[in-house]
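S.K.: So that you have it, the file is input33.csv, and it contains CSV, C-alpha atoms and all ligand atoms:
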chain,number,residue,atom,x,y,z
Y,186,MET,CA,145.9,158.9,30.2
Y,187,ARG,CA,143.4,159.4,27.3
Y,188,ILE,CA,141.8,156.6,25.3
Y,189,LEU,CA,139.6,156.9,22.1
Y,190,PHE,CA,137.5,154.1,20.8
Y,191,VAL,CA,136.8,154.2,17.0
Y,192,CYS,CA,134.3,152.4,14.8
Y,193,LEU,CA,132.5,153.4,11.5
Y,194,GLY,CA,129.4,155.2,12.6
Y,195,ASN,CA,130.0,155.9,16.3
Y,196,ILE,CA,126.5,154.8,17.1
Y,197,CYS,CA,127.0,151.0,17.9
Y,198,ARG,CA,130.4,149.6,18.7
Y,199,SER,CA,132.6,152.5,19.9
Y,200,PRO,CA,129.9,154.2,22.1
Y,201,THR,CA,129.4,150.7,23.7
Y,202,ALA,CA,133.1,150.5,24.4
Y,203,GLU,CA,133.1,154.1,25.8
Y,204,GLY,CA,130.2,153.3,28.1
Y,205,VAL,CA,131.5,149.9,29.2
Y,206,PHE,CA,135.0,151.1,29.8
Y,207,ARG,CA,134.0,154.2,31.7
Y,208,HIS,CA,131.8,152.1,33.9
Y,209,LYS,CA,134.8,149.8,34.6
Y,210,LEU,CA,137.0,152.8,35.4
Y,211,SER,CA,134.3,154.1,37.8
Y,212,GLU,CA,134.1,150.8,39.6
Y,213,ALA,CA,137.9,150.8,39.9
Y,214,GLY,CA,137.9,154.4,41.2
Y,215,LEU,CA,140.0,155.5,38.2
Y,216,VAL,CA,137.4,157.6,36.3
Y,217,GLU,CA,139.2,160.9,37.2
Y,218,ARG,CA,142.5,159.6,35.9
Y,219,VAL,CA,141.6,158.3,32.5
Y,220,GLU,CA,139.7,160.3,29.8
Y,221,VAL,CA,137.6,158.1,27.5
Y,222,ASP,CA,135.8,159.1,24.3
Y,223,SER,CA,134.6,157.5,21.1
Y,224,ALA,CA,134.3,158.6,17.4
Y,225,GLY,CA,133.5,157.3,14.0
Y,226,THR,CA,135.6,157.3,10.8
Y,227,GLY,CA,132.3,158.2,8.9
Y,228,ASP,CA,130.2,161.3,9.3
Y,229,TRP,CA,126.7,159.9,8.5
Y,230,HIS,CA,125.5,159.9,12.1
Y,231,VAL,CA,127.3,163.0,13.6
Y,232,GLY,CA,125.3,164.5,16.4
Y,233,LYS,CA,122.9,161.5,16.8
Y,234,PRO,CA,122.5,159.4,19.9
Y,235,ALA,CA,123.7,155.7,19.9
Y,236,ASP,CA,121.5,153.3,17.9
Y,237,ALA,CA,118.3,152.3,19.9
Y,238,ARG,CA,119.3,148.6,19.7
Y,239,THR,CA,122.8,149.4,21.1
Y,240,ARG,CA,121.3,151.4,23.9
Y,241,LEU,CA,118.9,148.6,24.8
Y,242,ALA,CA,121.6,145.9,24.8
Y,243,ALA,CA,123.7,148.1,27.0
Y,244,GLN,CA,120.9,148.9,29.3
Y,245,GLN,CA,120.1,145.2,29.8
Y,246,ARG,CA,123.7,144.8,31.2
Y,247,GLY,CA,123.6,148.0,33.3
Y,248,TYR,CA,125.3,150.5,31.1
Y,249,ASP,CA,123.7,153.9,30.3
Y,250,LEU,CA,124.6,155.3,26.8
Y,251,SER,CA,121.9,157.9,26.7
Y,252,THR,CA,124.1,161.0,26.9
Y,253,LEU,CA,126.5,160.0,24.1
Y,254,ARG,CA,126.4,161.7,20.7
Y,255,ALA,CA,128.2,160.6,17.6
Y,256,ARG,CA,131.2,162.6,16.3
Y,257,GLN,CA,133.7,162.0,13.5
Y,258,VAL,CA,137.4,161.3,14.1
Y,259,GLU,CA,139.4,164.5,13.6
Y,260,LEU,CA,143.2,165.1,13.1
Y,261,ALA,CA,143.5,166.6,16.6
Y,262,ASP,CA,142.5,163.2,18.1
Y,263,PHE,CA,145.9,161.8,17.0
Y,264,SER,CA,147.7,164.2,19.3
Y,265,ARG,CA,145.1,164.4,22.1
Y,266,PHE,CA,144.8,160.7,22.8
Y,267,ASP,CA,147.5,158.3,24.0
Y,268,LEU,CA,145.8,155.2,22.7
Y,269,ILE,CA,143.3,154.9,19.8
Y,270,LEU,CA,141.5,151.5,19.7
Y,271,ALA,CA,139.8,150.5,16.5
Y,272,MET,CA,136.9,148.0,16.4
Y,273,ASP,CA,137.7,146.4,13.1
Y,274,HIS,CA,140.5,146.2,10.4
Y,275,ASN,CA,138.8,148.7,8.2
Y,276,ASN,CA,138.6,151.3,11.0
Y,277,LEU,CA,142.3,150.7,11.8
Y,278,ARG,CA,143.3,151.1,8.1
Y,279,ASP,CA,141.3,154.3,7.8
Y,280,LEU,CA,142.9,155.6,11.0
Y,281,GLU,CA,146.4,154.7,9.7
Y,282,ARG,CA,145.7,156.6,6.5
Y,283,MET,CA,144.6,159.7,8.4
Y,284,ARG,CA,147.3,159.7,11.0
Y,285,PRO,CA,149.6,162.8,10.9
Y,286,PRO,CA,153.3,161.6,10.8
Y,287,ALA,CA,154.3,163.1,14.1
Y,288,ALA,CA,151.2,162.2,16.1
Y,289,LYS,CA,151.8,160.6,19.5
Y,290,ALA,CA,148.7,158.4,19.6
Y,291,GLU,CA,149.3,154.6,19.5
Y,292,LEU,CA,146.8,152.9,17.2
Y,293,ASP,CA,145.7,149.3,17.7
Y,294,LEU,CA,142.9,146.8,17.1
Y,295,PHE,CA,140.9,146.6,20.4
Y,296,LEU,CA,140.4,142.8,20.6
Y,297,HIS,CA,143.6,141.8,18.9
Y,298,ARG,CA,145.6,143.8,21.5
Y,299,TYR,CA,144.3,141.4,24.2
Y,300,GLU,CA,144.4,138.2,22.1
Y,301,LEU,CA,140.8,137.4,22.3
Y,302,ALA,CA,139.4,134.6,20.2
Y,303,VAL,CA,138.3,137.0,17.5
Y,304,SER,CA,140.3,140.1,16.4
Y,305,GLU,CA,137.4,142.3,15.3
Y,306,VAL,CA,134.1,143.5,16.9
Y,307,PRO,CA,131.7,142.6,14.1
Y,308,ASP,CA,129.5,145.5,12.7
Y,309,PRO,CA,126.0,144.8,14.1
Y,310,TYR,CA,124.2,147.5,12.1
Y,311,TYR,CA,122.5,145.4,9.5
Y,312,GLY,CA,122.0,142.3,11.6
Y,313,GLY,CA,119.7,141.0,14.3
Y,314,ALA,CA,119.5,141.6,18.1
Y,315,GLU,CA,122.0,138.8,18.8
Y,316,GLY,CA,124.7,140.9,17.1
Y,317,PHE,CA,124.3,143.6,19.6
Y,318,ASP,CA,124.6,141.2,22.5
Y,319,GLN,CA,127.8,139.8,20.9
Y,320,VAL,CA,129.2,143.3,20.7
Y,321,LEU,CA,128.6,143.8,24.4
Y,322,GLU,CA,130.1,140.4,25.3
Y,323,LEU,CA,133.3,141.0,23.3
Y,324,ILE,CA,133.7,144.6,24.5
Y,325,GLU,CA,133.2,143.6,28.2
Y,326,GLN,CA,136.0,141.0,27.8
Y,327,ALA,CA,138.4,143.4,26.1
Y,328,SER,CA,137.6,146.2,28.6
Y,329,ALA,CA,138.6,144.0,31.5
Y,330,ALA,CA,142.0,143.4,29.8
Y,331,LEU,CA,142.3,147.1,29.0
Y,332,LEU,CA,141.6,148.0,32.7
Y,333,ASP,CA,144.5,145.7,33.7
Y,334,GLU,CA,146.8,147.5,31.2
Y,335,VAL,CA,145.7,151.0,32.4
Y,336,ARG,CA,146.3,150.0,36.0
Y,337,GLN,CA,149.9,149.0,35.1
Y,338,ARG,CA,150.5,152.2,33.1
Y,339,LEU,CA,149.2,154.7,35.6
Y,401,LIG,P1,129.2,151.3,14.2
Y,401,LIG,O1,128.0,150.6,13.3
Y,401,LIG,O2,130.3,151.5,13.2
Y,401,LIG,O3,129.4,150.2,15.2
Y,401,LIG,O4,128.6,152.6,14.8
Y,401,LIG,C1,127.5,151.2,12.1
Y,401,LIG,C2,126.6,152.2,12.2
Y,401,LIG,C3,126.1,152.8,11.0
Y,401,LIG,C4,126.5,152.3,9.8
Y,401,LIG,C5,127.4,151.2,9.7
Y,401,LIG,C6,127.9,150.7,10.9
Y,401,LIG,N1,126.0,152.8,8.6
Y,401,LIG,O5,126.3,152.3,7.5
Y,401,LIG,O6,125.2,153.8,8.6
Will you turn the file into structure tokens for me?
M.R.:
Amino acid sequence: MRILFVCLGNICRSPTAEGVFRHKLSEAGLVERVEVDSAGTGDWHVGKPADARTRLAAQQRGYDLSTLRARQVELADFSRFDLILAMDHNNLRDLERMRPPAAKAELDLFLHRYELAVSEVPDPYYGGAEGFDQVLELIEQASAALLDEVRQRL
């Protein structure tokens, strides 16, 4: 199974989701069976590491995002991945516009899929440190639910 997390810049929310979910897969002994990646709808940060504030917030909860580098979503992603999970409504709309008609990937909004109290992971880029902690909190909750789904599907 292959899962892609998508946000705008691929330096805050989706790398967090990639790192947190890969950690959960590893704890569950499933890291060899599920491929996880992340990408951005925009190209401004391609090739760059995750935002320093994102890396710090992740590190404080035991996740290492240091090896991740930003990339942009490409058309091949729609046939390579089974599930593409967007962080907010804008990301989902952009993905729906890009999606080739015959592509196999299922598109969904990450938090909405698991009926969390909020449907979007808010963009933390222009806000304070608490926004980065909130991103972690929401992504940890949704990742636990995604792990349950993956266990059922494998
Ligand atoms: P992300 O956050 O989509 O969670 O990676 C952002 C990163 C950069 C920008 C916006 C959001 N930006 O405008 O450069």
S.K.: Pick the closest to Leu296 of chain Y from Y:Ala202, Y:Leu339, Y:Ala243, Y:Val221: which is it, counting all atoms listed in the file?
M.R.: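 Nearest to Leu296 of chain Y: Y:Ala202.
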S.K.: Contacts of segment 262-274 of chain Y at 8 Å or less, counting only C-alpha atoms, minus same-chain residues fewer than 5 places along, as a PyMOL selection string?
M.R.: chain Y and resi 186-192+198-199+284-285+288-296+304-307
S.K.: With C-alpha atoms retained, could you export that selection as a PDB file, in the frame of the given file?
M.R.:
ATOM      1  CA  MET Y 186     145.900 158.900  30.200  1.00  0.00           C
ATOM      2  CA  ARG Y 187     143.400 159.400  27.300  1.00  0.00           C
ATOM      3  CA  ILE Y 188     141.800 156.600  25.300  1.00  0.00           C
ATOM      4  CA  LEU Y 189     139.600 156.900  22.100  1.00  0.00           C
ATOM      5  CA  PHE Y 190     137.500 154.100  20.800  1.00  0.00           C
ATOM      6  CA  VAL Y 191     136.800 154.200  17.000  1.00  0.00           C
ATOM      7  CA  CYS Y 192     134.300 152.400  14.800  1.00  0.00           C
ATOM      8  CA  ARG Y 198     130.400 149.600  18.700  1.00  0.00           C
ATOM      9  CA  SER Y 199     132.600 152.500  19.900  1.00  0.00           C
ATOM     10  CA  ARG Y 284     147.300 159.700  11.000  1.00  0.00           C
ATOM     11  CA  PRO Y 285     149.600 162.800  10.900  1.00  0.00           C
ATOM     12  CA  ALA Y 288     151.200 162.200  16.100  1.00  0.00           C
ATOM     13  CA  LYS Y 289     151.800 160.600  19.500  1.00  0.00           C
ATOM     14  CA  ALA Y 290     148.700 158.400  19.600  1.00  0.00           C
ATOM     15  CA  GLU Y 291     149.300 154.600  19.500  1.00  0.00           C
ATOM     16  CA  LEU Y 292     146.800 152.900  17.200  1.00  0.00           C
ATOM     17  CA  ASP Y 293     145.700 149.300  17.700  1.00  0.00           C
ATOM     18  CA  LEU Y 294     142.900 146.800  17.100  1.00  0.00           C
ATOM     19  CA  PHE Y 295     140.900 146.600  20.400  1.00  0.00           C
ATOM     20  CA  LEU Y 296     140.400 142.800  20.600  1.00  0.00           C
ATOM     21  CA  SER Y 304     140.300 140.100  16.400  1.00  0.00           C
ATOM     22  CA  GLU Y 305     137.400 142.300  15.300  1.00  0.00           C
ATOM     23  CA  VAL Y 306     134.100 143.500  16.900  1.00  0.00           C
ATOM     24  CA  PRO Y 307     131.700 142.600  14.100  1.00  0.00           C
TER      25      PRO Y 307
END
S.K.: Using only C-alpha atoms and all ligand atoms, determine which residues fall within 7 Å of ligand LIG 401 (chain Y), then list them as number ranges by chain.
M.R.: Y: 192-199, 225, 229, 308-310
S.K.: Between Y:Val219, Y:Gly214, Y:Val258, Y:Thr252, which residue has the minimum interatomic distance to Leu331 of chain Y, considering only C-alpha atoms?
M.R.: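 Between Y:Val219, Y:Gly214, Y:Val258, Y:Thr252, the residue approaching Leu331 of chain Y most closely is Y:Val219.
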S.K.: Which residues come within 6 Å of Gln257 of chain Y, counting only C-alpha atoms, excluding same-chain residues fewer than 5 positions away, as a list in words?
M.R.: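 Those residues are Ala224, Gly225, Thr226 and Asp228 of chain Y.
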